[in-house]
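Beneath this line is the structure, given in structure tokens, with notes to follow.
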Amino acid sequence: QVQLAESGGGLVQAGGSLTLSCEASGITFSIYTMGWYRQAIGEQRELVAAITSSGSANYADSVKGRFTISRDNAKNTVYLRMDSLKPEDTAVYFCNARMALISRWGQGTQVSVSS
């Protein structure tokens with residue numbers, strides 16, 4: 001059974017930092033592209049960052065230079081380091097594991113940034 005368990009969300013002031021973690025189980029983690037998505041109230045879910053099995057990363061324009069995605073295949077974990085947080089980064093952040101037509105989601109973790 002595939003499980004993606006996010007952690008690390010919380011409330012932070014603008015300009016602060018948070019690191020999200022997503023630990024995967026039930027999959028061969030190293031061959032999956034791992035991604036972080038977010039969904040704000042009333043908005044569609046959007047891609048924040050993704051990292052391929054080979055370690056290539058891409059980011060949404062809105063977070064480039066502020067967020068860093070990384071993975072530790074030995075720990076089956078993907079991270080999202082978020083710096084210089086802004087109120088508009090407030091959302092539920094979801095972890096995603098993707099390979100070919102397979103896509104799995106975590107339950108999400110709330111990130112709230114106060115001004």
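Note on naming: chains are A, B, ... as they come in the structure tokens, residues start from 1 per chain, ligands start from 1 in the order shown.
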
Considering only C-alpha atoms, return as a compact mmCIF listing (two decimals) with N, CA and C atoms, in the first residue's frame whatever protein or nucleic-acid residues lie within 10 Å of region 35-47 of chain A, sequence-local ones (same chain, fewer than 6 positions apart) excluded.
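Final output, result.txt:
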```
# COMPACT_ATOMS: atom_id res chain seq x y z
N LEU A 20 9.41 21.30 4.59
CA LEU A 20 8.43 20.21 4.54
C LEU A 20 9.15 18.91 4.21
N SER A 21 8.64 17.83 4.77
CA SER A 21 9.17 16.50 4.48
C SER A 21 8.03 15.61 4.02
N CYS A 22 8.35 14.68 3.17
CA CYS A 22 7.38 13.68 2.71
C CYS A 22 8.08 12.34 2.66
N ALA A 57 15.64 19.17 -11.01
CA ALA A 57 14.54 19.87 -10.35
C ALA A 57 13.98 20.98 -11.22
N ASN A 58 12.69 21.23 -11.06
CA ASN A 58 12.07 22.39 -11.69
C ASN A 58 11.11 23.04 -10.70
N TYR A 59 10.90 24.33 -10.90
CA TYR A 59 10.14 25.12 -9.94
C TYR A 59 9.12 26.01 -10.64
N ALA A 60 8.05 26.31 -9.93
CA ALA A 60 7.12 27.34 -10.39
C ALA A 60 7.84 28.68 -10.34
N ILE A 69 13.85 22.06 -3.59
CA ILE A 69 13.41 20.69 -3.44
C ILE A 69 14.62 19.77 -3.45
N SER A 70 14.58 18.74 -2.62
CA SER A 70 15.68 17.76 -2.59
C SER A 70 15.10 16.41 -2.20
N VAL A 78 11.37 13.11 0.40
CA VAL A 78 11.58 14.32 -0.39
C VAL A 78 11.32 15.53 0.52
N TYR A 79 12.09 16.58 0.31
CA TYR A 79 12.02 17.77 1.15
C TYR A 79 11.68 18.98 0.29
N LEU A 80 11.08 19.96 0.95
CA LEU A 80 10.89 21.26 0.32
C LEU A 80 11.31 22.32 1.34
N GLU A 88 1.24 35.03 0.33
CA GLU A 88 0.64 34.33 -0.81
C GLU A 88 1.12 32.88 -0.94
N ASP A 89 2.07 32.46 -0.12
CA ASP A 89 2.48 31.06 -0.09
C ASP A 89 1.56 30.23 0.80
N THR A 90 0.63 30.88 1.48
CA THR A 90 -0.31 30.17 2.34
C THR A 90 -1.16 29.21 1.52
N ALA A 91 -1.16 27.94 1.92
CA ALA A 91 -1.88 26.90 1.17
C ALA A 91 -1.71 25.57 1.90
N VAL A 92 -2.46 24.59 1.44
CA VAL A 92 -2.17 23.21 1.82
C VAL A 92 -1.18 22.66 0.80
N TYR A 93 -0.10 22.10 1.29
CA TYR A 93 0.96 21.57 0.43
C TYR A 93 0.84 20.04 0.39
N PHE A 94 0.84 19.52 -0.82
CA PHE A 94 0.68 18.09 -1.06
C PHE A 94 1.93 17.50 -1.69
N CYS A 95 2.27 16.33 -1.25
CA CYS A 95 3.36 15.56 -1.84
C CYS A 95 2.77 14.65 -2.92
N ASN A 96 3.52 14.50 -4.01
CA ASN A 96 3.07 13.64 -5.11
C ASN A 96 4.21 12.75 -5.57
N ALA A 97 3.88 11.50 -5.85
CA ALA A 97 4.83 10.55 -6.43
C ALA A 97 4.29 10.14 -7.80
N ARG A 98 5.12 10.28 -8.82
CA ARG A 98 4.65 10.03 -10.18
C ARG A 98 5.66 9.21 -10.96
N TRP A 105 -0.84 10.61 -4.05
CA TRP A 105 -0.87 11.86 -3.30
C TRP A 105 -0.84 11.61 -1.79
N GLY A 106 -0.22 12.53 -1.10
CA GLY A 106 -0.31 12.56 0.34
C GLY A 106 -1.56 13.31 0.77
N GLY A 108 -1.60 16.04 2.65
CA GLY A 108 -1.38 17.48 2.68
C GLY A 108 -1.00 17.99 4.06
N THR A 109 -0.29 19.11 4.05
CA THR A 109 0.09 19.77 5.30
C THR A 109 -0.12 21.27 5.10
N GLN A 110 -0.69 21.91 6.11
CA GLN A 110 -1.04 23.32 6.00
C GLN A 110 0.18 24.19 6.27
N VAL A 111 0.38 25.16 5.39
CA VAL A 111 1.39 26.19 5.59
C VAL A 111 0.66 27.54 5.60
```

Mind the document's chain letters and residue numbers, and return as a list in words the residues of region 54-97 of chain A that DSSP labels strand (DSSP E).
Ala57, Asn58, Tyr59, Phe67, Thr68, Ile69, Ser70, Arg71, Asp72, Thr77, Val78, Tyr79, Leu80, Arg81, Met82, Ala91, Val92, Tyr93, Phe94, Cys95, Asn96 and Ala97 of chain A

Ala100 (chain A) environment, 12 Å, only C-alpha atoms, sequence neighbours closer than 2 positions dropped, as a list in words:
Ile31, Tyr32, Thr33, Ala97, Arg98, Ile102, Ser103 and Arg104 of chain A

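Of the residues listed (A:Gly26, A:Gly55, A:Gly16, A:Pro87), A:Gly26 shows the shortest atom-to-atom separation from Gln1 (chain A); distances use only C-alpha atoms.
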
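Of the listed residues A:Val63, A:Ala49, A:Ala24, A:Leu11, the one whose atoms come nearest to Asp83 (chain A) is A:Val63, with distances taken using only C-alpha atoms.
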
Point-to-point distance from CA of Ser54 (chain A) to CA of Phe67 (chain A), Å rounded to tenths
19.0 Å

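Across A:Ser30, A:Ser84, A:Thr68, A:Ser25, the tightest approach to Val48 (chain A) is made by A:Thr68 when counting only C-alpha atoms.
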
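Per DSSP on the backbone, helix (DSSP H, G or I) in chain A comprises Phe29, Ser30, Ile31, Asn73, Ala74, Lys75, Pro87, Glu88 and Asp89 of chain A.
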